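> Have a look at this one.
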Amino acid sequence: MLAMAMMGAAITIAHEGEAMGQPSFDAYREDVIGRANVADTPELVAYYQRLSELGTGALWTVANKIEPWEPASTSVPMLWRYRDLREDVLRALQLVTPEQAGRRVVYLENPGRSDVVAAVGWLYSGLQVMAPGECASSHRHSASALRFIMEGSGAFTNVDGHKLTLGRNDFVLTPNGTWHEHGVAEDGTICIWQDGLDIPLMNALEANFYEVHPDLNQAVGFPVDDTTATWAGSGLRPQGQEWSKRYSPMLKYEWAPTYEALSKLARVSDGSPYDGIIMDYVNPVTGGPVMPTIGAQMQLLRPGEHTKAHRQVGSFVYQCAKGQGFSIIGGQRFDWQERDIFVVPAWMWHEHANASASEDACLFAFHDLPVMRSLGLYREEALGENGGHQPLI
Ligand SMILES: [Fe+2]
């Protein structure tokens, strides 16, 4: 018998293995009114076996498994230290060309989600490396994608004819359905960036298409960096520019104005007790998320700040963009510094701390909250006990 505390009450779940070669169908019984609680009998087992032969089953044998009391993520919280990964990411430069690989990426694998190649939940992430003069072939797909630039100079992305030049801590979109390719200028340096996509979600929805551009590389059809020049006006919107697509027309969000916005907000606001000073990257036309399935945020933790714990319906992939500190996720402490990546599974308690007494720390994150919100599934909860802090496991 496996006992577990849930919803404040002790619930006992029957968890018997197969005895004497007899199959067990009552492993998920719960002794709670309203939940399935049917013990196996020889007659029932014979009935279940007959149903199985018909390509069917009795719902009460699996109901408690497929409808948990609350989200039960199979993802585990984890952190990838950049100093552990960097040399091996660079090694891929010698091992494969972009032409061979399509995209030269080392992906982040959550042991609970290796079957769907997710870093957490339904989100994929990886580290892509390119050398000066290299350019990957143009393609488009159903998955929505983003990039967060980690190191190097001269990186660029072309999105539907718009060329975006990319620097450290810049955040760039390649929304679903847009032709895009990435490269590094001849006079640039080796570049590494984090990719984030909803590939696992698209596959779960069985909605994923992929196409290679017929010309392999697309023509640049607009002035370089025109999307940011057009849409990044602080509190300003260009007249006569219409936009009705479901993603942000801005495509690139630069680090300098992002950090400035957070620093200014920190001067006039206490921010969130759970996240410090936090701002969403938005579609400037709607004020909503940058893409229909993926949202992104940047947060600033002031020197010495340690937030309170909360949990949310949705999965998060974080990258430390500045400073150092730690996060406690599901009761485990993960220490991070600049460029480290960590994940918070859905409905798992998490809190963040800046380890410096003098410098601020910034965390970039992308998440699937737009999916949760558009389907009416989003919830969040603050930890009430223990002063709002998790006991360490
Ligand atoms: Fe892509």
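A note on labels: chains of the structure tokens are A, B, ... as shown, every chain counts residues from 1, and ligands are counted from 1 in their shown order.
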Sort by chain and increasing residue number a table of all residues of chain A within 7 Å of ligand 1, each with its closest pair of atoms and their distance in Å to one decimal, counting only C-alpha atoms and all ligand atoms, and write it as a tab-separated table.


residue	atom	partner	partner_atom_place_in_ligand_line	distance
A:His139	CA	ligand 1	1 (Fe)	6.2
A:Arg140	CA	ligand 1	1 (Fe)	5.9
A:His141	CA	ligand 1	1 (Fe)	6.5
A:Ala145	CA	ligand 1	1 (Fe)	6.5
A:His180	CA	ligand 1	1 (Fe)	6.4

> Enumerate the residues of range 109-251 of chain A with a DSSP assignment of alpha helix (DSSP H), computed from the backbone, and present them as a ChimeraX atom specification.

/A:199-204,226-231

> Write a file of the selected residues as a PDB file, in the first residue's frame, keeping N, CA and C atoms.


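What ended up in out-v4.pdb:
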ATOM      1  N   ILE A 199       7.620  22.038 -30.204  1.00  0.00           N
ATOM      2  CA  ILE A 199       7.568  20.811 -31.008  1.00  0.00           C
ATOM      3  C   ILE A 199       6.791  19.692 -30.296  1.00  0.00           C
ATOM      4  N   PRO A 200       7.078  19.416 -29.008  1.00  0.00           N
ATOM      5  CA  PRO A 200       6.327  18.325 -28.356  1.00  0.00           C
ATOM      6  C   PRO A 200       4.815  18.573 -28.343  1.00  0.00           C
ATOM      7  N   LEU A 201       4.422  19.841 -28.153  1.00  0.00           N
ATOM      8  CA  LEU A 201       2.987  20.151 -28.156  1.00  0.00           C
ATOM      9  C   LEU A 201       2.394  19.924 -29.535  1.00  0.00           C
ATOM     10  N   MET A 202       3.102  20.379 -30.573  1.00  0.00           N
ATOM     11  CA  MET A 202       2.581  20.186 -31.941  1.00  0.00           C
ATOM     12  C   MET A 202       2.433  18.693 -32.255  1.00  0.00           C
ATOM     13  N   ASN A 203       3.397  17.887 -31.781  1.00  0.00           N
ATOM     14  CA  ASN A 203       3.286  16.446 -32.019  1.00  0.00           C
ATOM     15  C   ASN A 203       2.163  15.827 -31.192  1.00  0.00           C
ATOM     16  N   ALA A 204       1.984  16.314 -29.956  1.00  0.00           N
ATOM     17  CA  ALA A 204       0.889  15.798 -29.123  1.00  0.00           C
ATOM     18  C   ALA A 204      -0.458  16.091 -29.770  1.00  0.00           C
ATOM     19  N   ASP A 226      14.138  46.128 -39.575  1.00  0.00           N
ATOM     20  CA  ASP A 226      12.978  47.029 -39.714  1.00  0.00           C
ATOM     21  C   ASP A 226      11.878  46.721 -38.700  1.00  0.00           C
ATOM     22  N   THR A 227      11.754  45.469 -38.262  1.00  0.00           N
ATOM     23  CA  THR A 227      10.624  45.152 -37.379  1.00  0.00           C
ATOM     24  C   THR A 227      10.782  45.808 -36.012  1.00  0.00           C
ATOM     25  N   THR A 228      12.034  45.814 -35.498  1.00  0.00           N
ATOM     26  CA  THR A 228      12.255  46.469 -34.216  1.00  0.00           C
ATOM     27  C   THR A 228      12.145  47.986 -34.377  1.00  0.00           C
ATOM     28  N   ALA A 229      12.682  48.493 -35.497  1.00  0.00           N
ATOM     29  CA  ALA A 229      12.607  49.940 -35.735  1.00  0.00           C
ATOM     30  C   ALA A 229      11.155  50.399 -35.839  1.00  0.00           C
ATOM     31  N   THR A 230      10.290  49.516 -36.336  1.00  0.00           N
ATOM     32  CA  THR A 230       8.890  49.890 -36.530  1.00  0.00           C
ATOM     33  C   THR A 230       8.081  49.783 -35.241  1.00  0.00           C
ATOM     34  N   TRP A 231       8.298  48.694 -34.494  1.00  0.00           N
ATOM     35  CA  TRP A 231       7.363  48.350 -33.423  1.00  0.00           C
ATOM     36  C   TRP A 231       7.886  48.526 -32.003  1.00  0.00           C
TER      37      TRP A 231
END

> Using only C-alpha atoms, can you tell me which of A:Ser75, A:Gln332, A:Ser356, A:Gln241 comes closest to Phe316 in chain A?

A:Ser75

> What's around Ser272 in chain A at 12 Å? Count only C-alpha atoms, leave out sequence neighbours fewer than 2 positions away in its own chain, and write the answer as a list of chain:residue names.

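These residues fall inside the cut-off: A:Leu265, A:Ala266, A:Ser269, A:Asp270, A:Tyr274, A:Asp275, A:Gly276, A:Ile277, A:Ile278, A:Met279, A:Gln299, A:Leu300, A:Leu301, A:Arg302, A:Glu305, A:His306, A:Thr307, A:Lys308, A:Ala309, A:His310, A:Glu351, A:His352, A:Ala382.
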
> May I ask which of the residues A:Ala36, A:Leu262, A:Met130, A:Ser114 is the closest one to Glu67 in chain A, counting only C-alpha atoms?

A:Ala36

> Can you check which residues of range 26-141 of chain A DSSP gives as strand (DSSP E or B) on the backbone and send them as a ChimeraX atom specification?

/A:30,78-80,105-107,120,123-130,135,139-141

> I need the chosen residues saved as a compact mmCIF listing (two decimals), in the first residue's frame, with C-alpha atoms.


# COMPACT_ATOMS: atom_id res chain seq x y z
CA GLU A 30 -8.74 5.21 -3.85
CA MET A 78 16.55 20.22 -13.44
CA LEU A 79 19.36 22.59 -14.28
CA TRP A 80 21.94 22.50 -17.07
CA VAL A 105 21.85 21.78 -31.92
CA VAL A 106 22.50 19.97 -28.65
CA TYR A 107 19.05 19.55 -27.13
CA VAL A 120 9.93 20.20 -19.65
CA LEU A 123 8.42 22.52 -24.50
CA TYR A 124 11.59 21.70 -26.39
CA SER A 125 14.88 23.54 -25.91
CA GLY A 126 18.42 23.24 -27.21
CA LEU A 127 21.71 25.05 -27.70
CA GLN A 128 22.57 25.90 -31.31
CA VAL A 129 26.10 26.75 -32.42
CA MET A 130 27.23 28.39 -35.66
CA CYS A 135 23.98 29.79 -42.64
CA HIS A 139 12.52 26.23 -43.50
CA ARG A 140 9.17 26.63 -41.82
CA HIS A 141 7.12 24.47 -39.48

> Using only C-alpha atoms, which of the listed residues (A:Ala361, A:Ala92, A:Asn354, A:Trp349) sits closest to Pro391 in chain A?

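Among the listed residues, the smallest separation from Pro391 in chain A belongs to A:Trp349.
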
> I want to know what sits within 7 Å of Val344 in chain A, based on only C-alpha atoms, with residues of the same chain fewer than 5 positions away left out; could you give that as a PyMOL selection string?

chain A and resi 77+315-317+329

> One number please: CA of Trp69 in chain A to CA of Leu205 in chain A, in Å, one decimal.

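Interatomic distance here is 23.4 Å.
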
> Record the distance separating CA of Gln390 in chain A and CA of Met348 in chain A, expressed in Å with one decimal.

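Going from CA of Gln390 in chain A over to CA of Met348 in chain A covers 10.9 Å.
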
> Could you check which of A:His350, A:Lys65, A:Arg35, A:His367 is closest to Leu383 in chain A, using only C-alpha atoms?

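That would be A:His350, the residue with the smallest distance to Leu383 in chain A.
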
> Tell me which protein, DNA and RNA residues are within 9 Å of Leu392 in chain A, counting only C-alpha atoms, leaving out same-chain ones fewer than 5 positions away, and put them as a VMD selection string.

chain A and resid 328 330 to 333

> For the residues in that selection, give me N, CA and C atoms as a tab-separated table (two decimals), in the first residue's frame.


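Dumped to result.tsv:
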chain	number	residue	atom	x	y	z
A	328	ILE	N	14.50	27.37	-5.76
A	328	ILE	CA	14.07	26.14	-5.09
A	328	ILE	C	12.82	25.68	-5.83
A	330	GLY	N	10.22	22.48	-6.35
A	330	GLY	CA	9.78	21.21	-5.79
A	330	GLY	C	10.62	20.79	-4.59
A	331	GLY	N	11.08	21.77	-3.82
A	331	GLY	CA	11.85	21.48	-2.61
A	331	GLY	C	13.34	21.24	-2.85
A	332	GLN	N	13.78	21.28	-4.12
A	332	GLN	CA	15.21	21.09	-4.42
A	332	GLN	C	15.85	22.41	-4.78
A	333	ARG	N	17.04	22.62	-4.26
A	333	ARG	CA	17.76	23.87	-4.57
A	333	ARG	C	18.63	23.68	-5.81
